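See below for start-v8.cif, which holds mmCIF, C-alpha atoms and all ligand atoms.
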```
data_run
#
loop_
_atom_site.label_atom_id
_atom_site.label_comp_id
_atom_site.auth_asym_id
_atom_site.auth_seq_id
_atom_site.Cartn_x
_atom_site.Cartn_y
_atom_site.Cartn_z
CA MET A 1 52.60 64.37 225.33
CA LYS A 2 56.15 63.13 225.79
CA LEU A 3 58.81 64.54 223.49
CA GLU A 4 59.96 61.08 222.39
CA ASN A 5 56.40 60.17 221.37
CA ILE A 6 56.00 63.29 219.25
CA ILE A 7 59.30 62.61 217.51
CA GLU A 8 58.28 59.00 216.94
CA ARG A 9 54.97 60.07 215.41
CA ILE A 10 56.75 62.41 213.02
CA LEU A 11 59.28 59.75 212.04
CA LYS A 12 56.39 57.37 211.32
CA ASN A 13 54.73 60.03 209.20
CA ASN A 14 51.68 59.94 211.42
CA PHE A 15 51.61 63.44 212.83
CA LYS A 16 49.48 66.57 213.06
CA ILE A 17 50.49 70.19 212.59
CA LYS A 18 50.34 70.68 216.36
CA ASP A 19 53.16 68.14 216.77
CA ILE A 20 55.40 70.29 214.61
CA ILE A 21 54.40 73.42 216.52
CA SER A 22 55.17 71.77 219.84
CA LEU A 23 58.68 70.83 218.67
CA LEU A 24 59.24 74.34 217.36
CA SER A 25 58.20 75.66 220.79
CA LEU A 26 60.79 73.66 222.74
CA ASP A 27 63.07 75.80 224.85
CA ASN A 28 64.51 73.46 227.43
CA LYS A 29 68.16 72.63 226.75
CA ASP A 30 67.77 68.88 227.39
CA ASP A 31 64.74 68.64 225.10
CA LEU A 32 66.58 70.51 222.37
CA GLU A 33 69.49 68.12 222.66
CA VAL A 34 67.13 65.16 222.20
CA LEU A 35 65.60 66.81 219.12
CA TYR A 36 68.97 67.63 217.52
CA LYS A 37 70.34 64.18 218.24
CA LYS A 38 67.33 62.47 216.63
CA ALA A 39 67.60 64.73 213.59
CA PHE A 40 71.32 64.00 213.29
CA GLU A 41 70.68 60.24 213.50
CA THR A 42 67.97 60.55 210.87
CA MET A 43 70.39 62.34 208.55
CA LEU A 44 72.97 59.57 209.05
CA THR A 45 70.40 56.83 208.43
CA PHE A 46 68.56 58.24 205.42
CA THR A 47 71.36 60.00 203.49
CA SER A 48 74.92 58.92 202.71
CA GLY A 49 75.93 60.70 205.91
CA LYS A 50 78.57 62.58 203.95
CA ILE A 51 78.43 66.35 203.59
CA HIS A 52 77.87 67.69 200.09
CA LEU A 53 79.71 70.83 199.06
CA ARG A 54 78.27 73.34 196.61
CA ALA A 55 80.36 76.22 195.29
CA ILE A 56 78.18 79.31 195.10
CA ILE A 57 79.01 81.94 192.51
CA GLU A 58 77.10 85.21 192.91
CA PHE A 59 77.45 86.40 189.34
CA SER A 60 75.31 89.56 189.28
CA ASN A 61 73.80 91.81 191.93
CA TYR A 62 71.50 93.68 189.54
CA CYS A 63 67.90 93.04 190.56
CA ARG A 64 64.59 94.16 189.11
CA LYS A 65 62.79 93.38 192.37
CA ASN A 66 62.36 95.24 195.60
CA CYS A 67 61.92 92.52 198.23
CA ARG A 68 61.74 94.47 201.47
CA TYR A 69 64.35 92.45 203.36
CA CYS A 70 67.09 92.22 200.75
CA GLY A 71 70.24 94.34 200.56
CA ILE A 72 70.50 94.19 196.76
CA ARG A 73 66.86 95.19 196.13
CA ARG A 74 66.52 97.68 193.27
CA GLY A 75 65.56 100.46 195.67
CA ASN A 76 68.93 100.35 197.42
CA LYS A 77 70.51 103.15 195.44
CA ASP A 78 73.72 103.06 197.50
CA GLN A 79 74.48 99.61 196.18
CA LYS A 80 77.27 99.48 193.60
CA ARG A 81 76.20 97.02 190.91
CA TYR A 82 78.30 94.42 189.08
CA ARG A 83 77.91 91.64 186.55
CA MET A 84 80.40 88.92 185.77
CA SER A 85 80.87 88.12 182.09
CA SER A 86 79.79 84.74 180.69
CA GLU A 87 83.48 83.89 180.17
CA GLU A 88 84.26 84.63 183.80
CA ILE A 89 81.28 82.64 185.12
CA ILE A 90 82.38 79.66 183.03
CA SER A 91 86.04 79.89 184.02
CA VAL A 92 85.20 80.26 187.74
CA SER A 93 82.90 77.20 187.45
CA ILE A 94 85.74 75.21 185.89
CA GLU A 95 88.05 76.34 188.67
CA ALA A 96 85.49 75.13 191.23
CA TYR A 97 85.56 71.73 189.55
CA LYS A 98 89.37 71.66 189.64
CA GLN A 99 89.30 72.41 193.36
CA GLY A 100 87.08 69.38 193.95
CA PHE A 101 83.53 70.75 193.86
CA ARG A 102 80.97 68.63 192.01
CA THR A 103 78.18 71.22 192.12
CA VAL A 104 78.23 74.86 191.22
CA VAL A 105 75.35 77.16 192.23
CA LEU A 106 74.93 80.13 189.90
CA GLN A 107 73.05 82.79 191.85
CA SER A 108 72.11 86.39 191.08
CA GLY A 109 69.52 89.06 191.59
CA GLU A 110 66.66 88.94 189.07
CA ASP A 111 68.76 90.33 186.25
CA LEU A 112 67.15 90.12 182.83
CA TYR A 113 70.41 91.12 181.14
CA PHE A 114 71.08 87.41 181.56
CA THR A 115 68.50 86.27 179.05
CA LYS A 116 67.19 82.78 178.51
CA ASP A 117 69.77 82.25 175.75
CA LYS A 118 72.68 83.77 177.66
CA ILE A 119 72.17 81.54 180.68
CA GLY A 120 71.43 78.53 178.45
CA ASP A 121 74.75 79.11 176.70
CA ILE A 122 76.62 79.36 180.04
CA ILE A 123 75.11 76.06 181.23
CA LYS A 124 75.96 74.27 177.99
CA ARG A 125 79.54 75.54 177.94
CA ILE A 126 80.18 74.57 181.58
CA LYS A 127 78.74 71.12 180.92
CA GLU A 128 80.87 70.63 177.79
CA LYS A 129 84.03 71.33 179.75
CA VAL A 130 83.54 69.65 183.15
CA ASP A 131 81.35 67.01 184.75
CA ILE A 132 79.73 69.19 187.38
CA ALA A 133 76.11 69.58 188.51
CA VAL A 134 74.68 73.05 187.83
CA THR A 135 72.17 74.62 190.19
CA LEU A 136 70.48 77.83 189.10
CA SER A 137 69.18 80.41 191.56
CA VAL A 138 68.11 83.41 189.53
CA GLY A 139 64.51 83.89 190.61
CA GLU A 140 61.23 83.99 188.71
CA ARG A 141 61.18 83.47 184.95
CA ASP A 142 58.60 81.88 182.62
CA TYR A 143 57.60 78.35 181.70
CA GLU A 144 59.56 78.27 178.46
CA THR A 145 62.74 79.58 180.09
CA TYR A 146 62.75 76.97 182.85
CA ARG A 147 62.08 74.27 180.26
CA TYR A 148 64.91 75.47 178.04
CA TRP A 149 67.50 75.69 180.83
CA LYS A 150 66.72 72.11 181.84
CA MET A 151 67.31 71.04 178.24
CA CYS A 152 70.63 72.88 178.28
CA GLY A 153 71.72 70.65 181.16
CA ALA A 154 70.80 72.46 184.40
CA ASP A 155 70.35 69.94 187.21
CA ARG A 156 68.76 71.84 190.05
CA TYR A 157 66.84 75.04 190.66
CA LEU A 158 66.74 76.91 193.93
CA MET A 159 64.02 79.43 194.66
CA ARG A 160 62.65 79.98 198.11
CA ILE A 161 58.98 80.54 198.76
CA GLU A 162 60.30 82.69 201.67
CA THR A 163 57.08 82.23 203.68
CA THR A 164 53.80 80.40 203.03
CA ASN A 165 51.88 83.03 204.96
CA LYS A 166 50.27 84.74 201.96
CA ASP A 167 49.70 88.07 203.72
CA LEU A 168 53.27 88.20 204.89
CA PHE A 169 54.49 87.15 201.44
CA LYS A 170 52.58 90.03 199.90
CA LYS A 171 53.91 92.56 202.38
CA LEU A 172 57.50 91.47 201.83
CA HIS A 173 57.33 91.20 198.03
CA PRO A 174 55.86 94.30 196.37
CA ASP A 175 56.61 92.87 192.89
CA ASP A 176 55.55 89.27 193.41
CA ASP A 177 52.46 87.15 193.36
CA TYR A 178 52.39 84.14 195.71
CA GLU A 179 50.45 81.98 193.27
CA TYR A 180 52.91 82.69 190.46
CA ARG A 181 55.85 81.69 192.67
CA ILE A 182 54.05 78.42 193.46
CA ARG A 183 53.41 77.88 189.76
CA CYS A 184 57.13 78.37 189.01
CA LEU A 185 58.06 75.79 191.66
CA LYS A 186 55.62 73.32 190.10
CA TRP A 187 57.06 73.84 186.62
CA ILE A 188 60.57 73.38 187.94
CA LYS A 189 59.61 70.06 189.49
CA GLU A 190 57.68 69.02 186.38
CA PHE A 191 60.68 69.64 184.10
CA GLY A 192 62.78 67.24 186.15
CA TYR A 193 65.07 69.58 188.02
CA GLU A 194 65.89 68.74 191.59
CA LEU A 195 63.71 71.31 193.31
CA GLY A 196 65.20 73.48 196.00
CA THR A 197 63.09 75.91 197.97
CA GLY A 198 62.99 77.26 201.50
CA ILE A 199 62.16 80.16 203.77
CA MET A 200 63.66 82.75 206.04
CA LEU A 201 63.13 82.27 209.76
CA GLY A 202 62.27 85.01 212.19
CA LEU A 203 60.65 87.36 209.67
CA PRO A 204 58.71 90.18 211.31
CA LYS A 205 55.27 88.85 212.38
CA GLN A 206 55.99 85.26 211.30
CA THR A 207 54.44 82.74 213.73
CA LEU A 208 55.30 79.16 214.66
CA GLU A 209 52.14 78.10 212.89
CA ASP A 210 53.44 79.75 209.72
CA LEU A 211 56.66 77.78 210.08
CA ALA A 212 54.77 74.54 210.56
CA ASN A 213 52.76 75.29 207.42
CA ASP A 214 56.01 75.96 205.55
CA ILE A 215 57.19 72.45 206.42
CA LEU A 216 53.88 70.97 205.26
CA LEU A 217 54.20 72.77 201.92
CA PHE A 218 57.73 71.45 201.38
CA LYS A 219 56.42 67.96 202.04
CA LYS A 220 53.50 68.41 199.68
CA PHE A 221 55.89 69.53 196.94
CA ASP A 222 58.28 66.72 197.76
CA ALA A 223 61.10 69.24 197.44
CA ASP A 224 64.56 67.71 197.08
CA MET A 225 66.44 70.47 198.85
CA ILE A 226 65.34 72.96 201.47
CA GLY A 227 67.54 75.96 202.19
CA CYS A 228 66.48 77.96 205.22
CA GLY A 229 68.32 80.64 207.09
CA PRO A 230 67.61 83.26 209.70
CA PHE A 231 66.34 86.64 208.58
CA LEU A 232 69.04 89.25 209.16
CA PRO A 233 68.29 92.96 208.68
CA HIS A 234 70.22 95.06 206.16
CA ASN A 235 70.78 98.79 206.73
CA GLY A 236 69.77 99.78 203.22
CA THR A 237 66.29 98.20 203.42
CA PRO A 238 62.95 99.19 204.95
CA LEU A 239 63.39 96.36 207.49
CA PHE A 240 66.68 97.78 208.81
CA SER A 241 65.40 98.23 212.37
CA GLU A 242 63.77 94.82 212.74
CA LYS A 243 65.43 92.41 215.09
CA MET A 244 67.44 89.56 213.67
CA SER A 245 66.31 86.00 214.10
CA ASP A 246 67.86 83.71 216.71
CA VAL A 247 70.01 80.70 216.06
CA ASN A 248 67.88 78.26 218.08
CA LEU A 249 64.74 78.86 216.08
CA THR A 250 66.66 78.05 212.88
CA LEU A 251 68.22 74.92 214.37
CA LYS A 252 64.87 73.67 215.67
CA PHE A 253 63.26 74.24 212.30
CA LEU A 254 66.05 72.43 210.45
CA ALA A 255 65.89 69.51 212.87
CA VAL A 256 62.13 69.13 212.56
CA LEU A 257 62.43 69.38 208.80
CA ARG A 258 64.92 66.51 208.85
CA LEU A 259 62.50 64.36 210.86
CA VAL A 260 59.68 65.09 208.41
CA MET A 261 61.67 64.84 205.14
CA LYS A 262 64.29 62.31 206.03
CA ASP A 263 66.30 61.92 202.84
CA ILE A 264 66.38 65.45 201.40
CA ASN A 265 69.39 67.74 201.15
CA ILE A 266 69.45 70.47 203.79
CA PRO A 267 72.22 73.08 203.80
CA ALA A 268 73.59 74.77 206.87
CA THR A 269 73.50 78.22 205.28
CA THR A 270 75.84 81.19 205.25
CA ALA A 271 73.17 83.18 207.12
CA LEU A 272 73.30 80.57 209.90
CA GLY A 273 77.10 80.99 209.95
CA THR A 274 76.61 84.75 210.14
CA ILE A 275 74.29 84.69 213.13
CA ASP A 276 76.69 82.46 215.09
CA PRO A 277 80.35 81.64 214.34
CA TYR A 278 79.55 77.94 214.90
CA GLY A 279 76.12 78.12 213.30
CA ARG A 280 77.06 75.86 210.40
CA GLU A 281 78.62 73.22 212.65
CA MET A 282 75.54 73.32 214.88
CA GLY A 283 73.42 72.94 211.73
CA LEU A 284 75.32 69.80 210.74
CA LYS A 285 74.78 68.40 214.24
CA ALA A 286 71.06 69.14 213.93
CA GLY A 287 70.51 67.24 210.68
CA CYS A 288 71.94 69.37 207.85
CA ASN A 289 74.06 67.61 205.21
CA VAL A 290 75.13 70.36 202.77
CA LEU A 291 77.50 73.33 202.96
CA MET A 292 77.69 76.03 200.32
CA PRO A 293 81.05 77.82 200.44
CA ASN A 294 81.25 81.14 198.69
CA PHE A 295 83.17 80.81 195.41
CA THR A 296 82.46 84.29 194.08
CA PRO A 297 85.69 86.06 193.04
CA VAL A 298 86.70 88.13 196.02
CA ALA A 299 86.46 91.50 194.22
CA TYR A 300 82.67 91.10 193.89
CA ARG A 301 81.83 89.63 197.28
CA LYS A 302 81.47 92.88 199.18
CA HIS A 303 78.77 93.94 196.71
CA TYR A 304 76.58 90.90 197.27
CA LEU A 305 75.46 91.69 200.78
CA LEU A 306 71.91 90.45 201.16
CA TYR A 307 72.10 91.27 204.88
CA ASN A 308 74.44 92.99 207.37
CA ASN A 309 77.70 91.36 208.53
CA LYS A 310 77.69 88.60 205.92
CA ILE A 311 80.69 86.34 206.50
CA CYS A 312 83.51 85.32 204.12
CA ILE A 313 83.64 88.64 202.28
CA PHE A 314 87.41 89.02 202.20
CA GLU A 315 88.59 85.43 202.02
CA ASP A 316 89.69 84.07 198.68
CA ALA A 317 87.84 81.11 197.18
CA ASN A 318 90.48 78.53 197.95
CA LYS A 319 90.47 79.52 201.60
CA CYS A 320 86.68 79.09 201.81
CA TYR A 321 86.97 75.55 200.48
CA GLN A 322 89.65 74.57 203.01
CA CYS A 323 87.79 76.26 205.85
CA THR A 324 84.65 74.31 204.94
CA LEU A 325 86.55 71.00 204.97
CA GLU A 326 87.88 71.92 208.43
CA ARG A 327 84.38 72.61 209.72
CA ILE A 328 83.22 69.20 208.51
CA LYS A 329 86.18 67.53 210.21
CA ASN A 330 85.54 69.43 213.43
CA VAL A 331 82.19 67.69 213.82
CA ASN A 332 83.63 64.29 212.87
CA LEU A 333 81.90 64.07 209.53
CA LYS A 334 83.29 63.51 206.04
CA ALA A 335 82.91 65.50 202.84
CA SER A 336 81.23 63.77 199.91
CA ASP A 337 82.95 63.61 196.52
CA SER A 338 79.77 62.98 194.53
CA LYS A 339 77.43 65.43 192.81
CA GLY A 340 75.18 64.99 195.81
CA PHE A 341 71.77 64.35 194.33
CA ARG A 342 69.03 63.42 196.78
CA GLU A 343 69.29 59.75 197.70
CA HIS A 344 65.63 58.76 197.77
CA SER A 345 65.03 56.40 200.67
N1 LIG B 401 67.20 86.62 193.42
C1 LIG B 401 67.16 85.23 193.73
C2 LIG B 401 68.40 84.71 194.40
C3 LIG B 401 69.16 85.64 195.29
S1 LIG B 401 68.42 86.00 196.83
C4 LIG B 401 65.95 84.92 194.57
O1 LIG B 401 65.41 85.82 195.21
O2 LIG B 401 65.55 83.75 194.58
C5 LIG B 401 68.73 84.49 197.71
C6 LIG B 401 68.05 84.38 199.05
O3 LIG B 401 68.63 85.28 199.97
C7 LIG B 401 66.59 84.74 199.08
O4 LIG B 401 65.80 83.66 198.68
C8 LIG B 401 66.37 85.15 200.54
O5 LIG B 401 65.74 84.11 201.28
C9 LIG B 401 67.78 85.37 201.08
N2 LIG B 401 67.87 86.71 201.69
C10 LIG B 401 67.69 87.89 201.08
N3 LIG B 401 67.75 88.90 202.00
C11 LIG B 401 67.97 88.32 203.20
C12 LIG B 401 68.08 88.81 204.54
N4 LIG B 401 67.98 90.12 204.80
N5 LIG B 401 68.31 87.93 205.54
C13 LIG B 401 68.43 86.62 205.27
N6 LIG B 401 68.30 86.08 204.04
C14 LIG B 401 68.06 86.93 203.01
FE1 LIG B 402 66.22 90.45 194.20
FE2 LIG B 402 66.30 87.92 195.19
FE3 LIG B 402 66.95 90.09 196.70
FE4 LIG B 402 64.41 89.73 195.99
S1 LIG B 402 65.64 88.36 197.30
S2 LIG B 402 65.52 91.69 195.90
S3 LIG B 402 64.64 88.85 193.95
S4 LIG B 402 68.04 89.32 194.92
#
```
How does the structure come out when it is put into structure tokens?
Amino acid sequence: MKLENIIERILKNNFKIKDIISLLSLDNKDDLEVLYKKAFETMLTFTSGKIHLRAIIEFSNYCRKNCRYCGIRRGNKDQKRYRMSSEEIISVSIEAYKQGFRTVVLQSGEDLYFTKDKIGDIIKRIKEKVDIAVTLSVGERDYETYRYWKMCGADRYLMRIETTNKDLFKKLHPDDDYEYRIRCLKWIKEFGYELGTGIMLGLPKQTLEDLANDILLFKKFDADMIGCGPFLPHNGTPLFSEKMSDVNLTLKFLAVLRLVMKDINIPATTALGTIDPYGREMGLKAGCNVLMPNFTPVAYRKHYLLYNNKICIFEDANKCYQCTLERIKNVNLKASDSKGFREHS
């Protein structure tokens, strides 16, 4: 089957899982260029073509969970822990607005110190002060909590499924239940958040078929945002000796995702920028349309290392913003000045 025909079938939404697998298996440079170019054109056609910026604030690295891949898992006793105060989270969010961001992503480990009411209060107070979209990324909670945070004004929720291979999910997440994670994602969608989910690529024992199934799940959920990055080992975790993922697998996955879900928001992630200095630019050229500069106050950054060699640990927030604008310019694209909701096609 010719590459162009497979791509055409996917664009017409008339494809089989084996079509996705065959694109994920491409390894010839010319074929990859065709794939990335098609994904890039699809991004330009089905979204505004402008790159949305999201300021990410990593406000606590306390975590009750022990996900086997993650540097801030509770079992990593060498990890110094920190929490930002509500006041600080609010003032940093306002600062992000002043710098030009129209979305702030509040991310943390699963830290129950930040109760339903505490986070609800933070959302309300940010929303009272500035007109900025709020994305939450704080992991699994319950039905009532998700409902309440939406009422307080949260716009989006980001929680990856990490992998749809249930056996692998179980092995990686000693505290989690796959079905409960799925239920959370359904609630989030039902309450009217923009739903963000995603996976890590190159997890130990993950297959191309798993990755194809991941894409099918995202489509079934009609997720609005898919954040995917390469798995990178962290020294303080049981997976420290596993090999890190490669940049091409991530780029292929992101490109195929763009062909399947044409109008969604797809970030070129920090992990992609960690695995290759031009990873984020390559992501934009392969169909991504979102960048998420780190806006965490610099004193905390070195304590939020989910994986080894994470980038942008010493830069101050203003520098990250300017650097991100440069990256967008370097690939001849423009930054968006809107809140960057999904533009349904
Ligand atoms: N506690 C929240 C948010 C913080 S973790 C949650 O789990 O949803 C955010 C993301 O970091 C996770 O979804 C995971 O996909 C990613 N991550 C964690 N460890 C990683 C690693 N070693 N390599 C690459 N990504 C990792
Ligand atoms: Fe905690 Fe999220 Fe890391 Fe899991 S991935 S250990 S929930 S911060």
Box for stretch 324-341 of chain A: with edges along x, y and z, all listed atoms inside and 6 Å added on each side, what are the centre and edge lengths in Å to one decimal, as JSON?
```
{"center_x": 79.8, "center_y": 68.6, "center_z": 203.3, "size_x": 28.1, "size_y": 23.3, "size_z": 33.0}
```
Counting only C-alpha atoms and all ligand atoms, which residue out of A:Tyr62, A:Phe341, A:Tyr193, A:Tyr321 sits closest to ligand LIG 402 (chain B)?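 Ranked by minimum distance to ligand LIG 402 (chain B), first place goes to A:Tyr62.
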Counting all atoms listed in the file, figure out which residue out of A:Leu305, A:Ile17, A:Cys312, A:Ala271 gets nearest to A:Gln79. A:Leu305
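Between atom CA of A:Pro174 and atom FE3 of ligand LIG 402 (chain B) the interatomic distance comes to 11.9 Å.
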Between atom CA of A:Ala268 and atom CA of A:Ile188, measure the distance and give it in Å to one decimal. 23.0 Å
Let me see if you get this right: every residue at most 12 Å from ligand LIG 402 (chain B), counting all atoms listed in the file, written as a PyMOL selection string. chain A and resi 58-76+79+81+107-112+137-141+158-162+169+172-176+181+199-200+231+234+236-237+303-307
If you count all atoms listed in the file, the residue of A:Phe101, A:Tyr157, A:Tyr278, A:Tyr300 closest to ligand LIG 401 (chain B) turns out to be A:Tyr157
If we count only C-alpha atoms, what is near stretch 121-129 of chain A at a cut-off of 6 Å, once residues fewer than 3 positions away on the same chain are taken out, given as a list in words?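 Returned residues: Ile90, Asp117, Lys118 and Cys152 of chain A.
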C-alpha atoms of the current selection, written as a PDB file, in the coordinates of the input:
```
ATOM      1  CA  ILE A  90      82.380  79.660 183.030  1.00  0.00           C
ATOM      2  CA  ASP A 117      69.770  82.250 175.750  1.00  0.00           C
ATOM      3  CA  LYS A 118      72.680  83.770 177.660  1.00  0.00           C
ATOM      4  CA  CYS A 152      70.630  72.880 178.280  1.00  0.00           C
TER       5      CYS A 152
END
```
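The interatomic distance for the pair atom CA of A:Thr145 and atom O3 of ligand LIG 401 (chain B) works out to 21.5 Å.
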Taking all atoms listed in the file into account, name the residue in A:Thr269, A:Ser86, A:Thr296, A:Thr274 that is nearest to A:Gly120.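 Going through A:Thr269, A:Ser86, A:Thr296, A:Thr274 one by one, the smallest distance to A:Gly120 is for A:Ser86.
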Find the residue from A:Glu95, A:Asp167, A:Asp246, A:Glu41 that sits nearest to ligand LIG 401 (chain B); use all atoms listed in the file when measuring.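 Going through A:Glu95, A:Asp167, A:Asp246, A:Glu41 one by one, the smallest distance to ligand LIG 401 (chain B) is for A:Asp246.
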Nearby residues (only C-alpha atoms) at most 7 Å from A:Leu24, same-chain spacing under 2 positions excluded, as a list in words: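 Here the answer would be Ile20, Ile21, Ser22, Leu26, Leu208, Lys252 and Phe253 of chain A.
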Given only C-alpha atoms as the basis, pick out the residue of A:Lys310, A:Arg280, A:Arg156, A:Lys50 nearest to A:Thr103.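 Checking each of A:Lys310, A:Arg280, A:Arg156, A:Lys50 against A:Thr103, counting only C-alpha atoms, the winner is A:Arg156.
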Fewer than 2 positions away in the same chain doesn't count, so skip those; otherwise give me all residues within 12 Å of A:Gln322, counting all atoms listed in the file, as a ChimeraX atom specification. /A:53,99-101,293-295,315-320,324-329,335
Just want the 8 Å neighbourhood of A:Pro267, counted on all atoms listed in the file, with same-chain residues fewer than 4 positions away dropped. Output as a VMD selection string. chain A and resid 226 to 228 288 to 292
Could you list, as a PyMOL selection string, every residue within 9 Å of A:Val260, counting all atoms listed in the file and ignoring same-chain residues fewer than 6 positions away? chain A and resi 10-13+215-216+219
Do you know which residues lie at most 10 Å from (63.6, 64.3, 204.7), with coordinates as in the file and all atoms listed in the file counted, and could you write them as a PyMOL selection string? chain A and resi 11+39+42-43+46-47+218-219+222-226+255-266+287+342+344-345
